[in-house]
Amino acid sequence: ETLKNGLKVVLVPCEDKKEYMITYATKFGSNTTTFTPIGSKKKVKVPDGIAHFLEHKMFEQKSGEDPFKFFSKTGTSVNASTSYDNTRYYCYGTKSFEENLKYLIDFVNEPYYTDENVEKEKGIIQEEIKMYEDIPECMLENKLREGIYHVHPHKIDIAGSCEDVSNITKEELYKCYNTFYNPNNMFIVIAGNFDYKSASKVIHKLLDQKKNRLETIKVKEYKEPKTVAIKEQEISTNIKVPKIGLGYKFATKDFKVDDEFELSLYLTMISTLLFGRATIFREKIRSKHLMTNFYFEWESIKDYKTLIIYSETENPDLLINEVQKELENIQIEEADFERMKKVWIANEVKMIDYVDTTVSNIYYDLINYHRVIENKVDLIRNMSKEKLDQILSNMSFKNRSKVILLPNKIITKESD
């Protein structure tokens with residue numbers, strides 16, 4: 001249901017399970033740094049990384065109680081995460097459902113920022129940023145996004161830079177919280193072993209009373225060019241085996257598919273049939289000893305889809321040529337297409353058996369498609385080879401950004 005103040009609530013009781021999972025989330029992530037605060041008419045720009053910083057500070061309560069310790073008393077795990085377009089707080093347990101639900105809602109609804117605790121957090125997050133900067137995979141990911149996007153903040157690391165973090169203030173945190181942590185921009189998803197009437201009663205009591213703020217949140221829109229920002233980057237770093245990152249950027253409108261979820265199904269089908277674990281391509285590059293790992297995914301920003309590929313390889317140029325050759329000569333057999341549909345349907349049925357997966361699927365539906373997609377099996381079953389071929393005919397793989405990480409050259413000096 002949707003409460004009067006705009007909060008979306010999704011409850012999925014599963015009486016045959018022992019555990020439950022609660023997720024309380026806001027559609028506010030690192031991509032949003034320029035916006036008009038609630039109650040203001042003037043647009044502001046806050047430092048990059050502030051959504052991630054805010055998430056950290058939510059775990060500091062005015063009472064001094066540590067949420068981690070509270071949940072651990074009943075063997076319940078709690079955590080949070082910030083992405084490019086959302087922040088979520090979640091707990092997973094088997095006991096004290098109502099007590100934990102109340103506490104999760106309360107601690108997310110009661111921010112406590114002071115000049116002192118904000119300053120203290122800066123050093124902690126700056127150390128976290130430095131730690132990730134030293135991880136080659138994180139460097140590869142960040143450099144590739146810088147290469148793909150010209151102006152969109154998706155090119156900026158979720159945590160921001162150390163300088164960004166040093167500029168965050170208590171007042172800016174409250175502006176972000178009051179604007180984006182409001183019911184009209186949030187949702188709560190619960191699945192597992194719980195009494196839905198009890199859950200609904202708690203949610204209505206604690207959240208229906210939260211101030212109605214149904215106004216539209218105004219955020220900056222970015223005019224991202226169709227081209228990639230940087231075509232090639234080659235970086236020397238402290239690794240033993242080279243790593244590659246490839247990003248293929250597509251304008252969503254070129255696919256001529258109106259429904260976002262339907263388009264995501266077909267794009268994922270194409271990449272899986274090309275590069276999945278059981279493909280001829282994987283067998284070929286394995287037999288040629290061209291890679292030690294290989295990973296691919298699709299990511300989206302407004303108006304664009306990007307196919308991302310990461311791999312570790314002793315022969316970067318050769319592997320990149322093999323990938324490019326595969327993409328420019330796509331041949332998908334109908335039998336393979338139908339087989340993969342059956343695999344996906346089986347996976348959808350299997351995933352229903354896992355409480356955390358059920359919550360995650362609903363959560364990502366609400367973030368990516370703004371609705372819960374309840375008929376995924378039917379949508380998969382109705383996928384057609386003709387539609388797949390139509391989408392393929394509108395794809396060009398020339399708009400590519402490439403990053404290669406190479407081992408530092410070891411310079412030795414001969415002794416006399």
# chains A, B, ... in the order shown; residues from 1 in each chain; ligands from 1

call {"tool": "residues_around", "arguments": {"residues": "A:Val228", "least_positions_apart": "4", "cutoff": "8 Å", "atoms": "only C-alpha atoms", "output": "PDB file with C-alpha atoms, in the first residue's frame"}}
result
ATOM      1  CA  GLY A 147      35.943   7.402 -19.302  1.00  0.00           C
ATOM      2  CA  ILE A 148      32.294   6.641 -20.065  1.00  0.00           C
ATOM      3  CA  TYR A 149      30.526   9.734 -18.714  1.00  0.00           C
ATOM      4  CA  HIS A 150      31.173  13.383 -19.584  1.00  0.00           C
ATOM      5  CA  LYS A 249      27.439   3.164 -24.105  1.00  0.00           C
ATOM      6  CA  ASN A 399      30.988   3.911 -28.728  1.00  0.00           C
ATOM      7  CA  ARG A 400      33.468   2.343 -26.317  1.00  0.00           C
ATOM      8  CA  SER A 401      35.683   3.427 -23.435  1.00  0.00           C
TER       9      SER A 401
END

call {"tool": "select_by_dssp", "arguments": {"residues": "stretch 156-295 of chain A", "states": "helix (DSSP H, G or I)", "output": "VMD selection string"}}
result
chain A and resid 162 to 166 170 to 180 183 to 185 196 to 207 252 to 255 260 to 275 280 to 287

call {"tool": "closest_atom_pairs", "arguments": {"of": "stretch 85-197 of chain A", "to": "stretch 3-9 of chain A", "cutoff": "8 Å", "atoms": "only C-alpha atoms", "output": "CSV"}}
result
residue,atom,partner,partner_atom,distance
A:Pro183,CA,A:Leu7,CA,4.4
A:Asn184,CA,A:Gly6,CA,4.0
A:Asn185,CA,A:Leu7,CA,7.0
A:Met186,CA,A:Leu7,CA,5.6
A:Phe187,CA,A:Lys8,CA,4.5
A:Ile188,CA,A:Val9,CA,5.1
A:Val189,CA,A:Val9,CA,6.1

call {"tool": "write_last_selection", "arguments": {"atoms": "N, CA, C and O atoms", "output": "PDB file, in the first residue's frame"}}
result
ATOM      1  N   PRO A 183       8.700  10.747   3.552  1.00  0.00           N
ATOM      2  CA  PRO A 183       7.897   9.568   3.162  1.00  0.00           C
ATOM      3  C   PRO A 183       7.642   9.435   1.671  1.00  0.00           C
ATOM      4  O   PRO A 183       7.627   8.326   1.144  1.00  0.00           O
ATOM      5  N   ASN A 184       7.452  10.564   0.993  1.00  0.00           N
ATOM      6  CA  ASN A 184       7.139  10.510  -0.426  1.00  0.00           C
ATOM      7  C   ASN A 184       8.305  10.006  -1.271  1.00  0.00           C
ATOM      8  O   ASN A 184       8.131   9.645  -2.429  1.00  0.00           O
ATOM      9  N   ASN A 185       9.500   9.964  -0.681  1.00  0.00           N
ATOM     10  CA  ASN A 185      10.694   9.535  -1.400  1.00  0.00           C
ATOM     11  C   ASN A 185      11.261   8.235  -0.822  1.00  0.00           C
ATOM     12  O   ASN A 185      12.378   7.847  -1.149  1.00  0.00           O
ATOM     13  N   MET A 186      10.472   7.563   0.037  1.00  0.00           N
ATOM     14  CA  MET A 186      10.974   6.386   0.747  1.00  0.00           C
ATOM     15  C   MET A 186      10.028   5.201   0.606  1.00  0.00           C
ATOM     16  O   MET A 186       8.879   5.350   0.179  1.00  0.00           O
ATOM     17  N   PHE A 187      10.531   4.031   0.964  1.00  0.00           N
ATOM     18  CA  PHE A 187       9.682   2.835   0.995  1.00  0.00           C
ATOM     19  C   PHE A 187      10.230   1.837   2.005  1.00  0.00           C
ATOM     20  O   PHE A 187      11.394   1.912   2.404  1.00  0.00           O
ATOM     21  N   ILE A 188       9.372   0.925   2.431  1.00  0.00           N
ATOM     22  CA  ILE A 188       9.770  -0.126   3.363  1.00  0.00           C
ATOM     23  C   ILE A 188       9.305  -1.464   2.801  1.00  0.00           C
ATOM     24  O   ILE A 188       8.181  -1.598   2.316  1.00  0.00           O
ATOM     25  N   VAL A 189      10.203  -2.441   2.800  1.00  0.00           N
ATOM     26  CA  VAL A 189       9.907  -3.778   2.279  1.00  0.00           C
ATOM     27  C   VAL A 189      10.248  -4.796   3.360  1.00  0.00           C
ATOM     28  O   VAL A 189      11.336  -4.760   3.935  1.00  0.00           O
TER      29      VAL A 189
END

call {"tool": "select_by_dssp", "arguments": {"residues": "stretch 256-340 of chain A", "states": "strand (DSSP E)", "output": "number ranges by chain"}}
result
A: 293-301, 304-312

call {"tool": "closest_residue", "arguments": {"among": "A:Ile270, A:Ile22, A:Cys138, A:Val257", "to": "A:Glu99", "atoms": "only C-alpha atoms"}}
result
A:Ile22

call {"tool": "atom_distance", "arguments": {"atom1": "atom CA of A:Glu19", "atom2": "atom CA of A:Leu104"}}
result
16.4 Å

call {"tool": "closest_atom_pairs", "arguments": {"of": "stretch 1-97 of chain A", "to": "stretch 196-200 of chain A", "cutoff": "10 Å", "atoms": "only C-alpha atoms", "output": "Markdown table"}}
result
| residue | atom | partner | partner_atom | distance |
| --- | --- | --- | --- | --- |
| A:Glu1 | CA | A:Ser200 | CA | 9.8 |
| A:Val9 | CA | A:Ser200 | CA | 8.7 |
| A:Val10 | CA | A:Ser200 | CA | 9.7 |
| A:Leu11 | CA | A:Tyr196 | CA | 6.7 |
| A:Val12 | CA | A:Tyr196 | CA | 7.9 |
| A:Pro13 | CA | A:Tyr196 | CA | 6.3 |
| A:Cys14 | CA | A:Tyr196 | CA | 9.7 |
| A:Phe97 | CA | A:Ala199 | CA | 8.6 |
